[in-house]
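Structure first, commentary second.
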Amino acid sequence: MSAWRHPGSYLTLAIVFVWGLVVLLLGTDIMRESAFTLIMFVALASSLNILLGYTGYVSFGHIVFFGLGGYTGFYFLVKHGWSLYAACVAGGVLSALLAGLIGLAVLRLRGAYFALATIGINEAARAFVSNFEPFGGATGLALDFSVYLKYGGAGKALWTTFTVLWVTTLAVILVSLLVKHSRFGLGLMAIREDEDAAMVMGVKTPQAKTLTFMMSAFFPGVIGTLYFFKNGNVEPGDAFQLHMSIEMLVMVMLGGQGTVLGPLAGAVTYQGLRGYLLTSPIFKNLHLAVAGVVLLLIILFVPAGAVGWVRDRLPKLRRWLE
Amino acid sequence: MAPVLEQLIASLFDGLLLGFVYGVAAMGLTLIWGVMSVINLSHGPVMALGMFGTYFLFTLGGVNPYAALIVVAAGGVVVGLIIYATAVHRVIDAPHLSSLLATFAVNMIIIGVGTALFSTSPHNIDYSLGSLDVGPITMPYTRLMAALAAVLFTAALYGFLYFTRTGKAIRAVANNRTAAELMGIPSARVLGLSFGLGTCLAVVSGGLIATFFPFTILSGGPYELKSFVICVLGGLGNPLGALLGGLILGGLEGVIPAFMPVSWVPVVEFALFVLVLILKPSGLLGAK
Amino acid sequence: MKSRLLVLVAVLAAVSLLMTPPLMATTQSAKTKTVVIGFTASQTGKLNVEGIRQINGVNLWLEQLNAAGGVKLADGTVVKFAAKFYDDESNKNRVQELYTKLISEDKADFLISPYSSGLADAAAVIAQQYNKIMITTGAASDSTYKKGYTLIYQAYTPASRYLTGAVDALMKLDAKAKKVAIVHEKDKFSTDVVNALKDYAVSKGMQVVLFEGYDTGATDFAPFINKFPPDVDAVMGGGHFADTSTFARQLFEKKVNAKMVALLVAPPEAKFAELGEAALGIIGPSQWEHMVKYSPEAAKEAKIEWYGPSVADFDKTYKAKFNEEPSYHSAGGYAAGMILEKAIKKAGVTETEKVKAVLDDMDILSFYGRIKFDNTPAAHGLQTGHDMVYIQWQKDAKGNLVKQVIWPEAGKTAAAALMPQK
């Protein structure tokens with residue numbers, strides 16, 4: 001596939017690969033904790049990018065797949081004793097199936113209506129799970145601590161979770177790259193530019209959009225399961241945070257939508273900024289305001305995001321910045 | 001257990017009273033959409049600003065909350081003008097995503113600064129007027145006053161839009177911006193003012209809500225979501241539709257809990273929202 | 001000149017030589033160590049009223065202990081305690097991030113939980129994952145202790161015993177009372193309380209006419225109040241301070257005529273009186289009140305060890321430092337620190353395993369009440385020794401609102417009264 005002819009593809013994959021490797025080799029808890037959050041957001045932002053960047057459909061409620069998939073995977077873990085790996089797959093598959101179903105209905109909407117609908121779906125999902133007894137209702141689900149023994153104790157379990165997350169992130173970046181350089185991806189980008197023209201030119205837009213939606217939903221489902229496993233419990237309030245959804249959006253926009261390196265750059269920058277702001281006494285309460293200012297500046301002046309902007313200005317670097 | 005008729009009437013009344021206030025909030029959102037096709041995602045935090053404005057005027061200035069609303073309303077217009085000038089003007093003709101994200105950025109900024117200044121601890125306006133007993137219904141006067149104020153503000157808005165020159169200019173720009181410009185209407189200023197009117201309605205509804213519920217800078221969020229539901233129900237861009245939608249939603253919120261656990265109400269609300277979006281996006285009364 | 005200089009130097013050298021032995025002696029006699037107690041506190045956010053009271057209690061304990069010279073270990077090392085804490089903003093994600101930070105970066109040796117069962121539960125996972133002892137306070141939910149933890153110890157009476165006494169008090173107040181409406185916050189703590197309450201009420205022949213939960217942060221209780229039958233006898237439930245106060249206020253505004261209203265967390269706080277008339281007659285379960293009668297004499301009679309300050313001393317020193325009445329959240333905070341202090345003192349070392357062993361066998365009476373933990377695997381760490389007291393807001397002779405202890409009968413300061421009818 002033509003993806004492999006672009007050095008930029010290797011660059012993005014290499015960054016994540018080396019990063020994870022370094023953390024695993026050094027083996028310190030603090031490094032793992034901060035790397036976990038960062039890599040998680042890289043994966044989430046990248047998954048959103050598959051939908052947003054390529055088709056131009058802005059989902060404000062993408063976190064719903066993290067929540068529903070995560071809850072499902074965690075449910076199988078807690079109530080049916082499945083292994084972490086099986087539970088992750090279950091979470092991802094459920095998210096994808098749900099996306100397919102939801103997509104049938106909402107992908108017919110355009111622009112702002114689609115965005116609003118995704119917010120509505122996220123809220124409906126949260127309210128529903130809050131009342132859904134098998135998922136523990138409002139008090140959620142919790143893992144009995146002895147489950148960690150199956151993975152060699154809590155310490156080892158946390159490392160295993162990190163490794164699985166690392167592999168998942170590599171996977172989502174790979175999928176993102178493959179889609180971008182395929183005929184399928186070309187069709188998606190045509191939809192982004194002008195959906196009606198794309199239809200006229202023979203792109204099967206409903207199927208293409210639905211398939212993309214499902215792909216973008218699979219990975220958050222896996223990641224959600226991992227996150228809840230690591231925390232040992234989940235409540236509706238944790239799983240459907242509109243806030244997290246928006247942060248994913250900011251990361252994609254900041255780094256550059258439609259590029260593969262963009263979500264990575266955006267996630268790292270945003271999380272780095274956030275981490276700094278949260279521990280600084282002056283800015284502790286302002287981190288959201290700063291994020292808002294950053295987003296506003298990007299929208300007003302650099303809508304293509306950091307990577308997009310660099311690609312525009314320095315064509316020579318385009319090979320490297322996928 | 002089946003609800004008794006008295007309980008149903010009481011619930012309906014409570015819901016309708018709240019519905020008026022929801023309607024005012026939604027009108028603000030729908031006005032902005034109708035005039036410039038922008039969905040103001042900072043609607044919630046702006047409402048929260050109204051809550052805080054009224055609170056401070058009452059607690060620090062000793063001003064009666066209803067009198068304070070006038071000041072707060074004026075402040076709301078100014079806030080709207082500022083938001084328009086900084087965030088919206090540049091992206092008004094860009095794809096919808098840009099204005100969505102721009103107003104969302106404003107949302108984040110207001111919440112961020114608000115949290116820094118006021119923290120997220122709840123605040124209360126300790127203003128009690130007693131309650132009115134009418135048969136089976138006991139209504140706190142604060143809620144009655146809020147509904148009354150909502151109706152007054154709606155009437156004032158309609159008076160403004162239909163009987164003043166500026167109001168007509170706004171309607172002209174909403175109808176066809178290019179034609180309005182050709183007729184000599186300064187569209188940028190009119191757009192700014194419209195945005196300000198929209199935020200004015202938002203802060204007023206926030207201030208009213210603050211007279212009977214506790215609030216934090218984050219309290220605007222749920223009401224913003226309700227405003228979306230109402231606007232979609234009533235038709236985006238249709239102010240009367242917004243008021244009607246508000247009453248419908250308020251009524252539903254009052255009556256549904258009589259038949260099922262209260263915590264199912266949000267599920268019904270959002271399911272309805274998504275359904276209307278899918279089946280009749282132009283809303284029950286038709287969009288602009 | 002030179003000789004005088006030499007003499008000066010010699011004198012100085014001699015003087016310094018004479019001075020050093022005492023200095024050397026003092027540095028050799030006492031080895032000191034600092035034990036870091038880590039916790040997060042809800043200084044902001046919806047739990048801030050209770051959260052601040054709790055850390056006040058912890059900080060008072062810390063100050064008093066260090067002023068008294070700390071704890072002396074078996075090998076003579078003097079241990080001083082230092083607190084490291086962050087504001088968790090009443091937010092669960094922050095709690096998990098911050099406790100990981102407290103353990104990995106700030107090297108906390110022992111932990112105290114955040115306020116509220118939901119947050120404490122989130123912190124407990126982290127504590128157990130990293131093998132640190134955590135005393136939970138401000139956290140009553142039973143469910144935390146059924147998850148197989150071995151290092152988490154509860155200072156509060158469990159949720160399952162919170163409102164059962166209110167049912168007993170109701171039966172005494174009005175033998176004909178039958179209909180109880182239960183409206184509660186949908187969080188771990190309140191849910192545990194009302195589940196146990198419902199079973200107990202039904203077992204005593206009561207009829208639960210409403211049993212519904214509201215989402216955390218709810219502000220509109222009218223939908224629930226509208227579902228009460230007009231002849232409801234008692235309203236029970238609530239959640240945390242903010243929502244419970246709002247619920248109480250709206251019960252008053254809607255002129256609900258129940259014989260008893262018993263709500264969680266908010267009524268025992270002094271701030272609850274700000275509701276004015278709406279607070280009159282409301283009953284609340286409390287982990288501790290300043291009128292309790294725990295004393296060294298009572299301990300001797302019950303043949304349990306007494307430890308810590310007296311009730312009067314705690315009350316006095318808290319008031320002096322913070323200029324307000326201590327509530328049970330303050331007492332709970334102080335007790336958590338005191339439990340660690342006693343355990344380390346008895347163990348003689350600061351190693352987790354040895355301190356854990358002491359905690360497993362602890363049985364003491366203190367100003368806060370009896371402290372004894374369940375050490376069976378099924379419910380390890382659950383508090384089994386401590387009891388609740390019930391207060392009610394009544395008007396004193398001058399017409400001011402004051403708290404009275406109305407239950408249990410043995411420790412009461414005033415008789416329980418029916419709610420004023422509207």
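A note on labels: chains of the structure tokens are A, B, ... as shown, every chain counts residues from 1, and ligands are counted from 1 in their shown order.
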Within 7 Å of chain A: residues of chain B, using only C-alpha atoms, as a PyMOL selection string: chain B and resi 90-91+96-98+102+105-106+108-113+115-116+266-267+270-271+273-274+277-278
Residues of the last selection are to be written out with C-alpha atoms, as an mmCIF file, in the first residue's frame.
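Full text of again34.cif as output:
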data_model
loop_
_atom_site.group_PDB
_atom_site.id
_atom_site.type_symbol
_atom_site.label_atom_id
_atom_site.label_comp_id
_atom_site.auth_asym_id
_atom_site.auth_seq_id
_atom_site.Cartn_x
_atom_site.Cartn_y
_atom_site.Cartn_z
ATOM 1 C CA ARG B 90 -14.142 36.245 12.240
ATOM 2 C CA VAL B 91 -15.707 32.861 11.648
ATOM 3 C CA HIS B 96 -20.350 25.683 10.957
ATOM 4 C CA LEU B 97 -17.678 23.690 12.724
ATOM 5 C CA SER B 98 -15.601 26.814 13.196
ATOM 6 C CA ALA B 102 -15.137 29.052 18.687
ATOM 7 C CA ALA B 105 -13.736 27.774 23.367
ATOM 8 C CA VAL B 106 -15.514 30.718 24.953
ATOM 9 C CA MET B 108 -14.195 26.740 28.340
ATOM 10 C CA ILE B 109 -12.742 30.163 29.039
ATOM 11 C CA ILE B 110 -15.735 31.326 31.055
ATOM 12 C CA ILE B 111 -15.836 28.125 33.069
ATOM 13 C CA GLY B 112 -12.101 28.189 33.617
ATOM 14 C CA VAL B 113 -12.027 31.753 34.863
ATOM 15 C CA THR B 115 -13.840 28.226 38.591
ATOM 16 C CA ALA B 116 -10.706 30.143 39.449
ATOM 17 C CA PRO B 266 -33.041 12.588 31.276
ATOM 18 C CA VAL B 267 -33.144 9.372 29.260
ATOM 19 C CA PHE B 270 -32.405 12.946 25.249
ATOM 20 C CA ALA B 271 -34.079 10.108 23.432
ATOM 21 C CA PHE B 273 -34.017 15.028 21.331
ATOM 22 C CA VAL B 274 -32.237 12.539 19.119
ATOM 23 C CA LEU B 277 -33.289 15.537 15.189
ATOM 24 C CA ILE B 278 -33.541 12.424 13.075
#
Do me a favour and pick out the residues of chain A within 6 Å of chain C, using only C-alpha atoms, as JSON, numbers by chain. {"A": [138, 139, 144, 145, 154]}
Wanna dump the chain B-chain C contacts at 7 Å for me, each residue with its shortest atom pair and the distance in Å to one decimal, counting only C-alpha atoms, ordered by chain and number, as JSON lines?
{"residue": "B:Gln7", "atom": "CA", "partner": "C:Asn226", "partner_atom": "CA", "distance": 5.7}
{"residue": "B:Ala10", "atom": "CA", "partner": "C:Asn226", "partner_atom": "CA", "distance": 6.7}
{"residue": "B:Ser11", "atom": "CA", "partner": "C:Asn226", "partner_atom": "CA", "distance": 6.1}
{"residue": "B:Ser119", "atom": "CA", "partner": "C:Thr44", "partner_atom": "CA", "distance": 6.1}
{"residue": "B:Thr120", "atom": "CA", "partner": "C:Gly45", "partner_atom": "CA", "distance": 4.4}
{"residue": "B:Ser121", "atom": "CA", "partner": "C:Gly45", "partner_atom": "CA", "distance": 4.4}
{"residue": "B:Pro122", "atom": "CA", "partner": "C:Lys46", "partner_atom": "CA", "distance": 6.1}
{"residue": "B:Gly130", "atom": "CA", "partner": "C:Glu253", "partner_atom": "CA", "distance": 6.9}
{"residue": "B:Ser131", "atom": "CA", "partner": "C:Glu253", "partner_atom": "CA", "distance": 6.2}
{"residue": "B:Thr138", "atom": "CA", "partner": "C:Lys254", "partner_atom": "CA", "distance": 5.5}
{"residue": "B:Met139", "atom": "CA", "partner": "C:Lys254", "partner_atom": "CA", "distance": 6.7}
{"residue": "B:Pro140", "atom": "CA", "partner": "C:Glu253", "partner_atom": "CA", "distance": 6.1}
{"residue": "B:Phe213", "atom": "CA", "partner": "C:Thr219", "partner_atom": "CA", "distance": 5.9}
{"residue": "B:Pro214", "atom": "CA", "partner": "C:Thr219", "partner_atom": "CA", "distance": 6.7}
{"residue": "B:Gly254", "atom": "CA", "partner": "C:Pro223", "partner_atom": "CA", "distance": 6.3}
{"residue": "B:Pro257", "atom": "CA", "partner": "C:Pro223", "partner_atom": "CA", "distance": 6.2}
{"residue": "B:Ala258", "atom": "CA", "partner": "C:Lys227", "partner_atom": "CA", "distance": 6.6}
{"residue": "B:Pro261", "atom": "CA", "partner": "C:Glu212", "partner_atom": "CA", "distance": 6.5}
{"residue": "B:Val262", "atom": "CA", "partner": "C:Pro223", "partner_atom": "CA", "distance": 7.0}
{"residue": "B:Ser263", "atom": "CA", "partner": "C:Tyr214", "partner_atom": "CA", "distance": 6.2}
Counting only C-alpha atoms, the residue of A:Ala90, A:Val302, A:Val42, A:Ala96 that sits nearest Thr269 of chain A: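 When distances to Thr269 of chain A are compared using only C-alpha atoms, the smallest one comes from A:Val42.
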Mind giving me the straight-line distance from atom CA of Ala99 of chain A to atom CA of Met244 of chain A in Å, one decimal?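 Atom CA of Met244 of chain A lies 18.5 Å from atom CA of Ala99 of chain A.
The protein and nucleic acid residues lying at most 9 Å from Gly284 of chain C are Leu163, Ala166, Val261, Ala262, Leu263, Leu264, Val265, Ala266, Pro267, Pro268, Val389, Tyr390, Ile391, Gln392 and Trp393 of chain C, with only C-alpha atoms considered and sequence neighbours fewer than 6 positions away removed.
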Please report, as a list in words, each residue of segment 334-374 of chain C to which DSSP assigns alpha helix (DSSP H) when run on this structure's backbone.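 Filtering segment 334-374 of chain C down to alpha helix (DSSP H) leaves Tyr334, Ala335, Ala336, Gly337, Met338, Ile339, Leu340, Glu341, Lys342, Ala343, Ile344, Lys345, Lys346, Ala347, Thr352, Glu353, Lys354, Val355, Lys356, Ala357, Val358, Leu359, Asp360 and Asp361 of chain C.
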Create the file for the chosen residues now, containing N, CA and C atoms and written as a PDB file, in the first residue's frame.
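Wrote it out as again18.pdb, contents follow:
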ATOM      1  N   TYR C 334      -9.883  14.002  63.016  1.00  0.00           N
ATOM      2  CA  TYR C 334      -8.957  13.882  64.144  1.00  0.00           C
ATOM      3  C   TYR C 334      -8.771  12.416  64.500  1.00  0.00           C
ATOM      4  N   ALA C 335      -9.884  11.684  64.542  1.00  0.00           N
ATOM      5  CA  ALA C 335      -9.824  10.266  64.930  1.00  0.00           C
ATOM      6  C   ALA C 335      -8.944   9.471  63.980  1.00  0.00           C
ATOM      7  N   ALA C 336      -9.023   9.785  62.682  1.00  0.00           N
ATOM      8  CA  ALA C 336      -8.221   9.033  61.710  1.00  0.00           C
ATOM      9  C   ALA C 336      -6.746   9.145  62.031  1.00  0.00           C
ATOM     10  N   GLY C 337      -6.317  10.389  62.310  1.00  0.00           N
ATOM     11  CA  GLY C 337      -4.923  10.599  62.661  1.00  0.00           C
ATOM     12  C   GLY C 337      -4.574   9.887  63.950  1.00  0.00           C
ATOM     13  N   MET C 338      -5.492   9.982  64.907  1.00  0.00           N
ATOM     14  CA  MET C 338      -5.269   9.376  66.218  1.00  0.00           C
ATOM     15  C   MET C 338      -5.124   7.868  66.117  1.00  0.00           C
ATOM     16  N   ILE C 339      -5.900   7.255  65.228  1.00  0.00           N
ATOM     17  CA  ILE C 339      -5.810   5.805  65.026  1.00  0.00           C
ATOM     18  C   ILE C 339      -4.417   5.420  64.534  1.00  0.00           C
ATOM     19  N   LEU C 340      -3.905   6.180  63.571  1.00  0.00           N
ATOM     20  CA  LEU C 340      -2.558   5.901  63.054  1.00  0.00           C
ATOM     21  C   LEU C 340      -1.525   6.068  64.158  1.00  0.00           C
ATOM     22  N   GLU C 341      -1.706   7.143  64.936  1.00  0.00           N
ATOM     23  CA  GLU C 341      -0.760   7.438  66.014  1.00  0.00           C
ATOM     24  C   GLU C 341      -0.697   6.261  66.974  1.00  0.00           C
ATOM     25  N   LYS C 342      -1.878   5.799  67.398  1.00  0.00           N
ATOM     26  CA  LYS C 342      -1.932   4.703  68.367  1.00  0.00           C
ATOM     27  C   LYS C 342      -1.331   3.438  67.789  1.00  0.00           C
ATOM     28  N   ALA C 343      -1.629   3.185  66.523  1.00  0.00           N
ATOM     29  CA  ALA C 343      -1.141   1.949  65.910  1.00  0.00           C
ATOM     30  C   ALA C 343       0.380   1.951  65.801  1.00  0.00           C
ATOM     31  N   ILE C 344       0.936   3.095  65.385  1.00  0.00           N
ATOM     32  CA  ILE C 344       2.390   3.167  65.238  1.00  0.00           C
ATOM     33  C   ILE C 344       3.067   3.069  66.593  1.00  0.00           C
ATOM     34  N   LYS C 345       2.442   3.733  67.597  1.00  0.00           N
ATOM     35  CA  LYS C 345       3.027   3.715  68.936  1.00  0.00           C
ATOM     36  C   LYS C 345       3.082   2.280  69.455  1.00  0.00           C
ATOM     37  N   LYS C 346       1.959   1.568  69.277  1.00  0.00           N
ATOM     38  CA  LYS C 346       1.896   0.201  69.797  1.00  0.00           C
ATOM     39  C   LYS C 346       2.813  -0.722  69.025  1.00  0.00           C
ATOM     40  N   ALA C 347       2.885  -0.523  67.691  1.00  0.00           N
ATOM     41  CA  ALA C 347       3.731  -1.405  66.886  1.00  0.00           C
ATOM     42  C   ALA C 347       5.197  -1.158  67.161  1.00  0.00           C
ATOM     43  N   THR C 352       4.634  -1.169  57.356  1.00  0.00           N
ATOM     44  CA  THR C 352       3.221  -1.415  57.078  1.00  0.00           C
ATOM     45  C   THR C 352       2.708  -2.707  57.696  1.00  0.00           C
ATOM     46  N   GLU C 353       3.449  -3.797  57.527  1.00  0.00           N
ATOM     47  CA  GLU C 353       2.966  -5.104  58.013  1.00  0.00           C
ATOM     48  C   GLU C 353       2.703  -5.093  59.515  1.00  0.00           C
ATOM     49  N   LYS C 354       3.642  -4.491  60.261  1.00  0.00           N
ATOM     50  CA  LYS C 354       3.518  -4.532  61.725  1.00  0.00           C
ATOM     51  C   LYS C 354       2.381  -3.618  62.188  1.00  0.00           C
ATOM     52  N   VAL C 355       2.272  -2.450  61.544  1.00  0.00           N
ATOM     53  CA  VAL C 355       1.206  -1.519  61.917  1.00  0.00           C
ATOM     54  C   VAL C 355      -0.141  -2.149  61.592  1.00  0.00           C
ATOM     55  N   LYS C 356      -0.186  -2.850  60.465  1.00  0.00           N
ATOM     56  CA  LYS C 356      -1.432  -3.520  60.062  1.00  0.00           C
ATOM     57  C   LYS C 356      -1.862  -4.505  61.132  1.00  0.00           C
ATOM     58  N   ALA C 357      -0.903  -5.263  61.651  1.00  0.00           N
ATOM     59  CA  ALA C 357      -1.238  -6.271  62.659  1.00  0.00           C
ATOM     60  C   ALA C 357      -1.865  -5.623  63.884  1.00  0.00           C
ATOM     61  N   VAL C 358      -1.334  -4.466  64.283  1.00  0.00           N
ATOM     62  CA  VAL C 358      -1.889  -3.759  65.440  1.00  0.00           C
ATOM     63  C   VAL C 358      -3.309  -3.291  65.145  1.00  0.00           C
ATOM     64  N   LEU C 359      -3.504  -2.742  63.954  1.00  0.00           N
ATOM     65  CA  LEU C 359      -4.834  -2.251  63.585  1.00  0.00           C
ATOM     66  C   LEU C 359      -5.858  -3.378  63.578  1.00  0.00           C
ATOM     67  N   ASP C 360      -5.442  -4.537  63.110  1.00  0.00           N
ATOM     68  CA  ASP C 360      -6.368  -5.669  63.068  1.00  0.00           C
ATOM     69  C   ASP C 360      -6.905  -6.017  64.446  1.00  0.00           C
ATOM     70  N   ASP C 361      -6.078  -5.821  65.492  1.00  0.00           N
ATOM     71  CA  ASP C 361      -6.498  -6.201  66.840  1.00  0.00           C
ATOM     72  C   ASP C 361      -6.952  -5.040  67.707  1.00  0.00           C
TER      73      ASP C 361
END
